[in-house]
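For reference, start-v5.cif is printed below; it contains mmCIF, C-alpha atoms and all ligand atoms.
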```cif
data_query
#
loop_
_atom_site.label_atom_id
_atom_site.label_comp_id
_atom_site.auth_asym_id
_atom_site.auth_seq_id
_atom_site.Cartn_x
_atom_site.Cartn_y
_atom_site.Cartn_z
CA MET A 279 -77.98 -157.39 -117.36
CA SER A 280 -77.64 -161.05 -116.49
CA GLU A 281 -75.64 -163.59 -118.46
CA GLY A 282 -78.19 -165.90 -120.05
CA THR A 283 -76.88 -166.62 -123.50
CA THR A 284 -73.13 -166.67 -123.29
CA ALA A 285 -72.48 -168.20 -126.71
CA PHE A 286 -74.01 -165.18 -128.42
CA THR A 287 -72.59 -161.67 -128.65
CA PRO A 288 -74.79 -159.45 -126.48
CA ARG A 289 -77.20 -157.42 -128.58
CA VAL A 290 -80.16 -155.32 -127.47
CA PHE A 291 -83.42 -155.14 -129.42
CA SER A 292 -86.73 -153.51 -128.53
CA GLY A 293 -89.74 -151.98 -130.21
CA ILE A 294 -92.81 -149.83 -129.66
CA GLN A 295 -96.02 -149.75 -131.68
CA PRO A 296 -96.89 -146.51 -133.50
CA SER A 297 -100.51 -146.98 -132.50
CA GLY A 298 -101.11 -143.66 -130.76
CA GLY A 299 -99.33 -140.99 -128.77
CA LEU A 300 -96.52 -141.84 -126.38
CA THR A 301 -97.27 -141.85 -122.65
CA LEU A 302 -95.12 -141.40 -119.57
CA GLY A 303 -95.44 -145.20 -119.21
CA ASN A 304 -93.78 -145.75 -122.58
CA TYR A 305 -91.08 -143.24 -121.71
CA LEU A 306 -90.19 -144.58 -118.25
CA GLY A 307 -90.91 -148.26 -118.96
CA ALA A 308 -89.19 -148.35 -122.34
CA ILE A 309 -87.64 -145.36 -124.15
CA LYS A 310 -85.65 -143.94 -121.23
CA ARG A 311 -84.19 -147.39 -120.66
CA PHE A 312 -83.40 -147.78 -124.37
CA VAL A 313 -81.36 -144.59 -124.04
CA ASP A 314 -79.62 -145.89 -120.90
CA MET A 315 -78.51 -149.02 -122.77
CA GLN A 316 -77.15 -147.07 -125.72
CA GLY A 317 -73.42 -146.47 -125.72
CA SER A 318 -72.72 -149.22 -123.16
CA GLY A 319 -70.58 -150.97 -125.76
CA ILE A 320 -73.42 -153.31 -126.74
CA GLU A 321 -75.11 -152.97 -130.10
CA THR A 322 -78.60 -151.48 -129.69
CA ILE A 323 -81.41 -151.84 -132.24
CA TYR A 324 -84.71 -150.02 -131.73
CA CYS A 325 -87.70 -150.48 -133.97
CA VAL A 326 -91.02 -148.78 -134.67
CA VAL A 327 -93.21 -151.86 -135.05
CA ASP A 328 -95.72 -150.70 -137.66
CA MET A 329 -96.57 -154.29 -138.68
CA HIS A 330 -97.66 -154.96 -135.10
CA ALA A 331 -99.75 -151.79 -135.02
CA ILE A 332 -101.96 -152.99 -137.90
CA THR A 333 -103.09 -156.08 -135.96
CA VAL A 334 -105.86 -153.67 -134.93
CA TRP A 335 -107.32 -151.09 -137.34
CA GLN A 336 -105.08 -148.09 -138.09
CA ASP A 337 -106.08 -145.21 -140.28
CA PRO A 338 -103.31 -145.02 -142.94
CA GLU A 339 -102.66 -141.28 -142.55
CA ALA A 340 -102.60 -141.60 -138.75
CA LEU A 341 -100.23 -144.58 -138.97
CA ARG A 342 -97.79 -142.59 -141.10
CA ARG A 343 -97.94 -139.65 -138.69
CA GLN A 344 -97.59 -141.80 -135.57
CA THR A 345 -94.63 -143.70 -137.07
CA ARG A 346 -92.81 -140.40 -137.59
CA GLU A 347 -93.93 -139.10 -134.19
CA LEU A 348 -92.62 -142.16 -132.37
CA THR A 349 -89.33 -141.84 -134.23
CA ALA A 350 -89.24 -138.16 -133.21
CA GLY A 351 -89.84 -139.34 -129.62
CA TYR A 352 -86.92 -141.77 -129.83
CA LEU A 353 -84.64 -139.03 -131.13
CA ALA A 354 -85.89 -136.37 -128.71
CA ALA A 355 -85.38 -138.68 -125.73
CA GLY A 356 -81.75 -139.19 -126.72
CA LEU A 357 -81.52 -142.13 -129.09
CA ASP A 358 -78.76 -141.34 -131.53
CA PRO A 359 -78.95 -142.88 -135.02
CA THR A 360 -75.16 -143.06 -135.16
CA GLN A 361 -75.05 -145.12 -131.96
CA SER A 362 -78.23 -147.19 -132.31
CA ILE A 363 -79.98 -148.65 -135.33
CA LEU A 364 -83.40 -146.96 -135.61
CA PHE A 365 -85.93 -148.08 -138.22
CA ASN A 366 -89.50 -149.10 -138.87
CA GLN A 367 -90.34 -152.79 -139.07
CA SER A 368 -92.02 -152.80 -142.50
CA GLN A 369 -88.79 -151.68 -144.18
CA VAL A 370 -87.04 -154.88 -143.10
CA PRO A 371 -89.02 -157.74 -144.69
CA GLU A 372 -86.88 -160.35 -142.90
CA HIS A 373 -89.06 -159.80 -139.79
CA THR A 374 -92.23 -161.04 -141.46
CA GLN A 375 -90.36 -163.77 -143.34
CA LEU A 376 -89.01 -165.21 -140.11
CA ALA A 377 -92.41 -164.69 -138.48
CA TRP A 378 -93.94 -167.11 -140.99
CA ILE A 379 -91.46 -169.80 -139.98
CA PHE A 380 -92.31 -169.09 -136.33
CA ASN A 381 -96.04 -169.30 -137.09
CA CYS A 382 -95.27 -172.89 -138.04
CA VAL A 383 -93.22 -173.51 -134.88
CA ALA A 384 -95.48 -171.89 -132.27
CA ARG A 385 -98.62 -173.75 -131.18
CA MET A 386 -102.16 -172.33 -131.20
CA GLY A 387 -102.48 -173.13 -127.51
CA TRP A 388 -99.50 -170.90 -126.67
CA MET A 389 -101.04 -167.99 -128.55
CA ASN A 390 -104.43 -168.45 -126.93
CA ARG A 391 -102.85 -168.10 -123.49
CA MET A 392 -101.35 -164.65 -124.13
CA THR A 393 -102.95 -162.12 -121.79
CA GLN A 394 -102.40 -159.22 -124.22
CA PHE A 395 -104.38 -161.14 -126.88
CA LYS A 396 -107.17 -161.86 -124.41
CA ASP A 397 -107.29 -158.20 -123.32
CA LYS A 398 -107.23 -156.81 -126.84
CA ALA A 399 -109.56 -159.37 -128.43
CA GLY A 400 -112.04 -159.00 -125.57
CA LYS A 401 -115.26 -160.98 -125.64
CA HIS A 402 -115.32 -161.35 -129.41
CA ALA A 403 -112.10 -163.26 -130.04
CA GLU A 404 -113.49 -164.77 -133.24
CA LYS A 405 -113.77 -161.25 -134.66
CA ALA A 406 -110.14 -160.35 -133.87
CA SER A 407 -107.68 -160.36 -136.78
CA LEU A 408 -105.58 -163.46 -137.34
CA GLY A 409 -102.61 -161.09 -137.03
CA LEU A 410 -103.58 -160.22 -133.46
CA LEU A 411 -103.35 -163.90 -132.51
CA ALA A 412 -100.04 -164.33 -134.37
CA TYR A 413 -98.65 -161.08 -132.91
CA PRO A 414 -96.22 -162.79 -130.49
CA ALA A 415 -94.65 -164.90 -133.28
CA LEU A 416 -93.85 -161.69 -135.16
CA MET A 417 -92.43 -160.22 -131.96
CA ALA A 418 -90.25 -163.33 -131.54
CA ALA A 419 -89.07 -162.85 -135.13
CA ASP A 420 -88.26 -159.16 -134.47
CA ILE A 421 -85.98 -160.23 -131.66
CA LEU A 422 -84.49 -163.43 -133.05
CA VAL A 423 -83.80 -162.19 -136.59
CA TYR A 424 -80.98 -160.24 -134.88
CA HIS A 425 -80.07 -163.00 -132.41
CA ALA A 426 -80.82 -160.34 -129.78
CA THR A 427 -79.88 -161.46 -126.28
CA HIS A 428 -81.52 -158.70 -124.22
CA VAL A 429 -84.87 -156.97 -124.62
CA PRO A 430 -85.71 -153.95 -122.44
CA VAL A 431 -89.49 -153.76 -121.98
CA GLY A 432 -92.13 -152.89 -119.41
CA GLU A 433 -93.61 -155.57 -117.16
CA ASP A 434 -96.59 -156.15 -119.51
CA GLN A 435 -94.30 -157.61 -122.20
CA LYS A 436 -92.68 -160.27 -120.00
CA GLN A 437 -95.01 -163.02 -121.20
CA HIS A 438 -94.22 -162.25 -124.84
CA VAL A 439 -90.47 -162.44 -124.26
CA GLU A 440 -90.96 -165.75 -122.46
CA LEU A 441 -92.88 -166.99 -125.49
CA THR A 442 -89.96 -165.86 -127.65
CA ARG A 443 -87.76 -168.19 -125.60
CA ASP A 444 -90.28 -171.01 -126.03
CA ILE A 445 -90.26 -170.52 -129.81
CA ALA A 446 -86.44 -170.41 -129.90
CA ALA A 447 -86.24 -173.55 -127.77
CA LYS A 448 -88.75 -175.47 -129.88
CA PHE A 449 -87.03 -174.43 -133.12
CA ASN A 450 -83.63 -175.45 -131.73
CA HIS A 451 -85.06 -178.75 -130.49
CA ASP A 452 -87.05 -179.61 -133.66
CA PHE A 453 -84.11 -178.90 -135.97
CA LYS A 454 -81.44 -180.22 -133.56
CA THR A 455 -79.50 -176.98 -133.53
CA GLU A 456 -78.44 -174.22 -131.13
CA PHE A 457 -79.16 -171.52 -133.68
CA PHE A 458 -81.35 -169.14 -131.68
CA PRO A 459 -80.37 -167.61 -128.30
CA MET A 460 -82.49 -167.70 -125.15
CA THR A 461 -83.30 -164.00 -124.99
CA GLU A 462 -83.59 -162.30 -121.60
CA PRO A 463 -86.24 -159.68 -120.87
CA VAL A 464 -84.68 -156.70 -119.08
CA ILE A 465 -87.37 -155.33 -116.76
CA GLU A 466 -85.61 -152.99 -114.37
CA GLY A 467 -86.06 -149.74 -112.51
CA ALA A 468 -88.78 -148.08 -110.46
CA ALA A 469 -91.24 -147.69 -113.34
CA THR A 470 -91.64 -151.01 -115.10
CA ARG A 471 -95.39 -150.61 -114.63
CA VAL A 472 -96.61 -147.01 -114.51
CA MET A 473 -100.24 -146.95 -113.39
CA SER A 474 -103.16 -144.75 -114.44
CA LEU A 475 -103.39 -141.43 -112.57
CA ARG A 476 -107.14 -142.08 -112.09
CA ASP A 477 -106.99 -145.72 -110.96
CA GLY A 478 -103.95 -147.26 -109.27
CA SER A 479 -104.98 -150.76 -110.34
CA LYS A 480 -104.88 -150.02 -114.10
CA LYS A 481 -101.84 -149.58 -116.34
CA MET A 482 -101.27 -146.10 -117.78
CA SER A 483 -102.17 -146.57 -121.42
CA LYS A 484 -102.55 -144.59 -124.63
CA SER A 485 -105.86 -146.36 -125.20
CA ASP A 486 -107.52 -145.31 -121.91
CA PRO A 487 -110.59 -143.18 -122.78
CA SER A 488 -109.73 -140.68 -120.03
CA ASP A 489 -106.93 -138.30 -121.02
CA ALA A 490 -106.57 -137.35 -117.32
CA SER A 491 -105.41 -140.95 -116.65
CA ARG A 492 -102.11 -140.44 -118.45
CA ILE A 493 -99.35 -137.98 -119.13
CA ASN A 494 -98.72 -137.76 -122.86
CA MET A 495 -95.23 -136.95 -124.10
CA THR A 496 -96.77 -134.09 -126.06
CA ASP A 497 -98.53 -132.52 -123.02
CA ASP A 498 -97.34 -129.01 -122.22
CA ALA A 499 -96.17 -127.89 -118.78
CA ASP A 500 -99.65 -126.74 -117.71
CA ALA A 501 -101.33 -129.98 -118.69
CA ILE A 502 -98.67 -132.06 -116.91
CA ALA A 503 -98.94 -130.01 -113.70
CA LYS A 504 -102.74 -130.13 -113.77
CA LYS A 505 -102.93 -133.89 -114.27
CA ILE A 506 -100.52 -134.53 -111.41
CA ARG A 507 -102.37 -132.12 -109.12
CA LYS A 508 -105.62 -133.96 -109.89
CA ALA A 509 -104.12 -137.46 -109.70
CA LYS A 510 -106.16 -139.76 -107.46
CA THR A 511 -104.63 -140.36 -104.02
CA ASP A 512 -105.78 -141.40 -100.56
CA PRO A 513 -106.15 -138.71 -97.86
CA GLU A 514 -103.14 -139.76 -95.74
CA PRO A 515 -99.73 -138.09 -96.09
CA LEU A 516 -96.91 -140.16 -97.62
CA PRO A 517 -95.66 -142.87 -95.24
CA GLU A 518 -92.20 -142.56 -93.67
CA THR A 519 -90.70 -145.51 -95.55
CA ALA A 520 -91.21 -147.55 -98.73
CA ASP A 521 -92.80 -150.36 -96.67
CA GLY A 522 -95.78 -148.13 -95.96
CA LEU A 523 -96.53 -147.88 -99.70
CA LYS A 524 -97.48 -151.53 -100.03
CA GLU A 525 -101.23 -151.19 -99.61
CA ARG A 526 -101.42 -147.74 -101.23
CA PRO A 527 -101.25 -148.21 -105.01
CA GLU A 528 -101.86 -144.57 -105.98
CA ALA A 529 -99.23 -143.23 -103.57
CA ARG A 530 -96.81 -145.94 -104.65
CA ASN A 531 -97.32 -145.07 -108.31
CA LEU A 532 -96.52 -141.38 -107.77
CA VAL A 533 -93.42 -142.24 -105.74
CA ASN A 534 -92.29 -144.70 -108.43
CA ILE A 535 -92.75 -142.04 -111.10
CA TYR A 536 -90.75 -139.56 -109.00
CA ALA A 537 -87.94 -142.09 -108.52
CA ALA A 538 -87.79 -143.04 -112.20
CA LEU A 539 -87.76 -139.40 -113.32
CA SER A 540 -85.13 -138.31 -110.79
CA GLY A 541 -82.98 -141.39 -111.25
CA GLU A 542 -83.12 -142.20 -107.53
CA THR A 543 -84.22 -145.37 -105.78
CA VAL A 544 -87.61 -145.49 -104.06
CA ALA A 545 -85.79 -145.61 -100.69
CA GLU A 546 -83.88 -142.43 -101.55
CA VAL A 547 -87.10 -140.68 -102.54
CA MET A 548 -88.80 -141.77 -99.32
CA ALA A 549 -85.88 -140.44 -97.28
CA GLN A 550 -86.66 -136.96 -98.63
CA MET A 551 -90.44 -137.15 -99.09
CA GLY A 552 -91.60 -139.49 -96.30
CA GLY A 553 -94.34 -137.90 -94.16
CA LYS A 554 -95.12 -135.08 -96.59
CA PRO A 555 -98.79 -134.47 -97.41
CA PHE A 556 -99.76 -134.81 -101.07
CA GLY A 557 -100.37 -131.05 -101.15
CA GLU A 558 -96.60 -130.69 -100.83
CA PHE A 559 -95.42 -133.77 -102.73
CA LYS A 560 -97.53 -133.31 -105.85
CA PRO A 561 -96.16 -129.86 -106.80
CA LEU A 562 -92.61 -131.20 -106.39
CA LEU A 563 -93.47 -134.15 -108.63
CA ALA A 564 -95.13 -131.84 -111.16
CA ASP A 565 -92.04 -129.61 -111.28
CA LEU A 566 -89.78 -132.60 -111.76
CA ALA A 567 -92.00 -134.06 -114.49
CA VAL A 568 -92.18 -130.75 -116.36
CA ASP A 569 -88.42 -130.35 -115.99
CA LYS A 570 -87.72 -133.75 -117.54
CA LEU A 571 -90.52 -133.99 -120.09
CA ALA A 572 -90.97 -130.48 -121.48
CA PRO A 573 -87.58 -130.45 -123.27
CA ILE A 574 -88.37 -133.83 -124.83
CA SER A 575 -91.77 -132.73 -126.08
CA SER A 576 -90.36 -129.52 -127.57
CA GLU A 577 -87.57 -131.49 -129.27
CA MET A 578 -90.20 -133.89 -130.62
CA ALA A 579 -92.10 -130.97 -132.11
CA ARG A 580 -88.88 -129.71 -133.68
CA TYR A 581 -88.12 -133.08 -135.30
CA MET A 582 -91.71 -133.27 -136.58
CA GLN A 583 -91.09 -130.13 -138.64
CA ASP A 584 -88.72 -132.11 -140.82
CA PRO A 585 -90.43 -135.40 -141.70
CA ALA A 586 -88.05 -135.95 -144.64
CA GLU A 587 -85.14 -136.13 -142.19
CA ILE A 588 -87.04 -138.64 -140.03
CA ASP A 589 -87.75 -140.76 -143.12
CA ARG A 590 -84.08 -140.62 -144.07
CA ILE A 591 -83.03 -141.82 -140.60
CA LEU A 592 -85.52 -144.72 -140.76
CA LYS A 593 -84.36 -145.75 -144.22
CA ASP A 594 -80.72 -145.67 -143.27
CA GLY A 595 -81.47 -147.67 -140.12
CA ALA A 596 -83.40 -150.24 -142.14
CA THR A 597 -80.45 -150.72 -144.51
CA ARG A 598 -78.14 -151.34 -141.56
CA ALA A 599 -80.65 -153.63 -139.86
CA ARG A 600 -80.95 -155.75 -143.01
CA THR A 601 -77.21 -156.42 -143.10
CA ILE A 602 -77.65 -158.24 -139.77
CA ALA A 603 -81.06 -159.80 -140.40
CA ALA A 604 -80.57 -161.13 -143.95
CA PRO A 605 -77.80 -163.66 -143.18
CA ILE A 606 -79.67 -164.91 -140.07
CA LEU A 607 -82.84 -165.42 -142.12
CA ARG A 608 -80.89 -167.16 -144.92
CA LYS A 609 -79.34 -169.55 -142.41
CA THR A 610 -82.78 -170.21 -140.89
CA TYR A 611 -84.17 -171.10 -144.33
CA GLU A 612 -81.24 -173.43 -144.86
CA ILE A 613 -81.85 -175.15 -141.51
CA VAL A 614 -85.55 -175.56 -142.36
CA GLY A 615 -84.75 -177.05 -145.78
CA MET A 616 -85.65 -174.32 -148.24
CA VAL A 617 -83.94 -174.77 -151.61
CA GLY A 618 -82.04 -171.71 -152.84
CA ALA A 619 -81.30 -170.33 -149.38
P1 LIG A 701 -96.76 -150.24 -126.43
O1 LIG A 701 -97.14 -148.82 -126.34
O2 LIG A 701 -97.82 -151.16 -125.93
O3 LIG A 701 -96.19 -150.63 -127.78
O4 LIG A 701 -95.57 -150.43 -125.39
C1 LIG A 701 -94.26 -150.02 -125.69
C2 LIG A 701 -93.33 -150.24 -124.52
O5 LIG A 701 -93.72 -149.40 -123.43
C3 LIG A 701 -93.32 -151.67 -123.97
O6 LIG A 701 -91.99 -151.99 -123.57
C4 LIG A 701 -94.22 -151.59 -122.78
O7 LIG A 701 -93.91 -152.56 -121.82
C5 LIG A 701 -93.92 -150.18 -122.26
N1 LIG A 701 -95.07 -149.64 -121.53
C6 LIG A 701 -96.29 -149.32 -122.03
N2 LIG A 701 -97.11 -148.86 -121.06
C7 LIG A 701 -96.38 -148.90 -119.89
C8 LIG A 701 -96.64 -148.56 -118.53
N3 LIG A 701 -97.83 -148.07 -118.15
N4 LIG A 701 -95.66 -148.73 -117.62
C9 LIG A 701 -94.45 -149.21 -118.00
N5 LIG A 701 -94.13 -149.55 -119.25
C10 LIG A 701 -95.07 -149.40 -120.20
N1 LIG A 702 -95.31 -156.04 -128.12
C1 LIG A 702 -94.58 -154.87 -127.77
C2 LIG A 702 -95.54 -153.89 -127.06
O1 LIG A 702 -96.72 -153.88 -127.25
C3 LIG A 702 -93.95 -154.19 -128.95
C4 LIG A 702 -92.95 -155.06 -129.60
C5 LIG A 702 -93.04 -155.66 -130.82
C6 LIG A 702 -91.67 -155.43 -129.07
N2 LIG A 702 -91.91 -156.36 -131.10
C7 LIG A 702 -91.06 -156.24 -130.07
C8 LIG A 702 -91.01 -155.15 -127.88
C9 LIG A 702 -89.80 -156.81 -129.85
C10 LIG A 702 -89.74 -155.70 -127.69
C11 LIG A 702 -89.14 -156.53 -128.66
O2 LIG A 702 -95.07 -153.09 -126.32
#
```

Using C-alpha cells, write down the structure that the file contains.
Ligand code: AMP
Ligand code: TRP
Amino acid sequence: MSEGTTAFTPRVFSGIQPSGGLTLGNYLGAIKRFVDMQGSGIETIYCVVDMHAITVWQDPEALRRQTRELTAGYLAAGLDPTQSILFNQSQVPEHTQLAWIFNCVARMGWMNRMTQFKDKAGKHAEKASLGLLAYPALMAADILVYHATHVPVGEDQKQHVELTRDIAAKFNHDFKTEFFPMTEPVIEGAATRVMSLRDGSKKMSKSDPSDASRINMTDDADAIAKKIRKAKTDPEPLPETADGLKERPEARNLVNIYAALSGETVAEVMAQMGGKPFGEFKPLLADLAVDKLAPISSEMARYMQDPAEIDRILKDGATRARTIAAPILRKTYEIVGMVGA
C-alpha cells in the first residue's frame, strides 16, 4: 500500500453488493484481497452494501438471503469477525446520513460521467432510479464515514474511488478544512479484472445471462471443471512467456486466474506452463480452482445453515462500526453548520 494520506491512521474499508451470487471475479478481485489485508495490523472494515443493491430492483426475500449468503462468503473465505468489522450497511444509518451531505457536495455532471451508471442505466437513463445516479455519493460516504485511507477493489471500481477523492477534496475546500482523507484505491494482483469465460473482452459478472461465462462460488467441483474445460480459447498452445499473452485475451485471462489462485506471479506461472496446449493447461487450472474454491463453497453452505449466527455477527459488527462512524458524522454536521451536532 502506498502512503497517500499520512495525517490519517491507515484504515481499510471495502464493500460488495448482495445483488446476486458471488463469482470468481468477486473472490479474486475483492474478497481474497480483503482476507490478505486482515491481520496486517491495520483496522479492516468490510461491509455488505444492501443500500447500494436496492438502486436496482431487489426482491425482498432474495435480498435477505443474498445478504446472509455474502456474509457467509466473507466468513468462509477467511474473514474473521474478531479481526475485521463485518456488517451490513443498512444497520449503520451514518452511511446514508453522510451520503445526503455528499449529495449536496457532488455535482450532477460528475455523476453523469460514471461509467457504471451509464452501463447500468443503459439507453433509458430517465427511467433509472435516482439512487442509481447518487450511488457513488453513498459509496464515498461508506468510505469516508470511517476516514478510510485504503480501499481494496477490482479495476471496475477505480472511477468511484477517484470520485470519492473528488468529493473529499471539494468538501475540504468548501469548508476550509482537512477533515476527510484522500483515500487510495488498492487495485493489486493478477486478477483485478477477471474476464468472462465465454468472451475475453467482457468482465466476469453475476448479471451475465450465460452461467457458463462465470464460476460461481457455489458451483460444485464438477461444474467448475466443466466450465473451465469449455472456456473459450484460441487454438494455439500457451506462449512461452507473458509477453506472448498480450494479444490473446482468453489465454491471458486463464493464466491470470491461475496466478491469482496459486498465489504466483504471471511470470512464475508462465515458467511452468509456457508452451503447453490448452488440453493440458485447462485440467491443471480446473484442479487448482476446485482445490481452492470447493472448501470455501462447502463452508459457505455450512454457515448458511445457521442464519441466526450470521445475523448476530452482522449486528455485532454494526455496533462496532457505529462507534467509529458516529463521531465522524457528528463532526461533519458541526463543520456544515447543523445545530445540535
Ligand atoms: P460487485 O459484485 O459489483 O458489488 O463487486 C464487488 C467487488 O468485486 C468489487 O471490488 C469489484 O471490483 C470486484 N469484482 C467484481 N467483478 C469482478 C471481476 N470480474 N474481476 C475482478 N474484480 C471484480
Ligand atoms: N460499488 C462497489 C461495487 O459495485 C460496492 C461498494 C459500495 C464499495 N460501497 C463501497 C466498494 C465502498 C468499496 C468501498 O463493487

Exercise answer, 8 Å around ligand LIG 702 (chain A) with all atoms listed in the file, as a short mmCIF file (atom, residue, chain, number, x, y, z; two decimals) with C-alpha atoms, in the frame of the given file:
```
data_model
loop_
_atom_site.label_atom_id
_atom_site.label_comp_id
_atom_site.auth_asym_id
_atom_site.auth_seq_id
_atom_site.Cartn_x
_atom_site.Cartn_y
_atom_site.Cartn_z
CA PHE A 291 -83.42 -155.14 -129.42
CA SER A 292 -86.73 -153.51 -128.53
CA GLY A 293 -89.74 -151.98 -130.21
CA ILE A 294 -92.81 -149.83 -129.66
CA GLN A 295 -96.02 -149.75 -131.68
CA CYS A 325 -87.70 -150.48 -133.97
CA VAL A 327 -93.21 -151.86 -135.05
CA HIS A 330 -97.66 -154.96 -135.10
CA TYR A 413 -98.65 -161.08 -132.91
CA PRO A 414 -96.22 -162.79 -130.49
CA LEU A 416 -93.85 -161.69 -135.16
CA MET A 417 -92.43 -160.22 -131.96
CA ALA A 418 -90.25 -163.33 -131.54
CA ASP A 420 -88.26 -159.16 -134.47
CA ILE A 421 -85.98 -160.23 -131.66
CA VAL A 429 -84.87 -156.97 -124.62
CA PRO A 430 -85.71 -153.95 -122.44
CA VAL A 431 -89.49 -153.76 -121.98
CA GLY A 432 -92.13 -152.89 -119.41
CA ASP A 434 -96.59 -156.15 -119.51
CA GLN A 435 -94.30 -157.61 -122.20
CA HIS A 438 -94.22 -162.25 -124.84
CA VAL A 439 -90.47 -162.44 -124.26
#
```

Show me as number ranges by chain the residues that reach within 12 Å of (-85.8, -161.8, -139.5), counting only C-alpha atoms and using the file's own coordinates. A: 367-380, 415-426, 458, 599-611

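Distances to ligand LIG 701 (chain A) were evaluated for A:Thr442, A:Asn531, A:Asn450, A:Ser362 using only C-alpha atoms and all ligand atoms, and the minimum falls at A:Asn531.
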
Compute the set of protein, DNA and RNA residues whose minimum atom distance to ligand LIG 701 (chain A) is at most 9 Å, using only C-alpha atoms and all ligand atoms, and state it as JSON, numbers by chain. {"A": [292, 293, 294, 295, 296, 297, 298, 299, 300, 301, 302, 303, 304, 305, 306, 307, 308, 309, 326, 327, 330, 331, 429, 430, 431, 432, 433, 434, 435, 436, 465, 469, 470, 471, 472, 473, 474, 480, 481, 482, 483, 484, 492]}

Enter the distance from CA of Ala285 in chain A to CA of Ile320 in chain A, in Å, rounded to one decimal.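 Distance between the two atoms: 14.9 Å.
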
Which of A:Gln437, A:Asp328, A:Ser407, A:Lys448 sits closest to Arg342 in chain A [using only C-alpha atoms]: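 The answer is A:Asp328, which sits nearest to Arg342 in chain A.
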
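Distances to Val614 in chain A were evaluated for A:Asp452, A:Glu321, A:Asp337, A:Asp397 using all atoms listed in the file, and the minimum falls at A:Asp452.
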
Find the spatial neighbours of Pro517 in chain A, counting all atoms listed in the file, within a cut-off of 10 Å - ignore same-chain residues fewer than 2 positions away - and output them as a PyMOL selection string. chain A and resi 514-515+519-523+526+529-530+548+551-555

Tell me, in Å to one decimal, how far CA of Thr393 in chain A is from CA of Ala446 in chain A.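 Computing the Euclidean distance for CA of Thr393 in chain A and CA of Ala446 in chain A yields 20.2 Å.
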
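Of the listed residues (A:Leu562, A:Pro585, A:Phe449, A:Arg289), A:Phe449 comes nearest to Ile613 in chain A; the distances count only C-alpha atoms.
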
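In this model, the gap between CA of Phe559 in chain A and CA of Pro573 in chain A comes to 22.2 Å.
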
Residues near Tyr536 in chain A, cut-off 9 Å, all atoms listed in the file, skip fewer than 6 positions along chain, as a PyMOL selection string: chain A and resi 468+542+544+547+562-563+566-567

With a cut-off of 7 Å, could you pull out the residues of range 476-586 of chain A touching range 350-361 of chain A and give me the nearest pair of atoms for each, distance in Å to one decimal, using only C-alpha atoms, ordered by chain and ascending number, as CSV?
```
residue,atom,partner,partner_atom,distance
A:Ile574,CA,A:Ala354,CA,5.3
A:Glu577,CA,A:Ala354,CA,5.2
A:Met578,CA,A:Ala350,CA,5.1
A:Tyr581,CA,A:Ala350,CA,5.6
A:Met582,CA,A:Ala350,CA,6.4
```
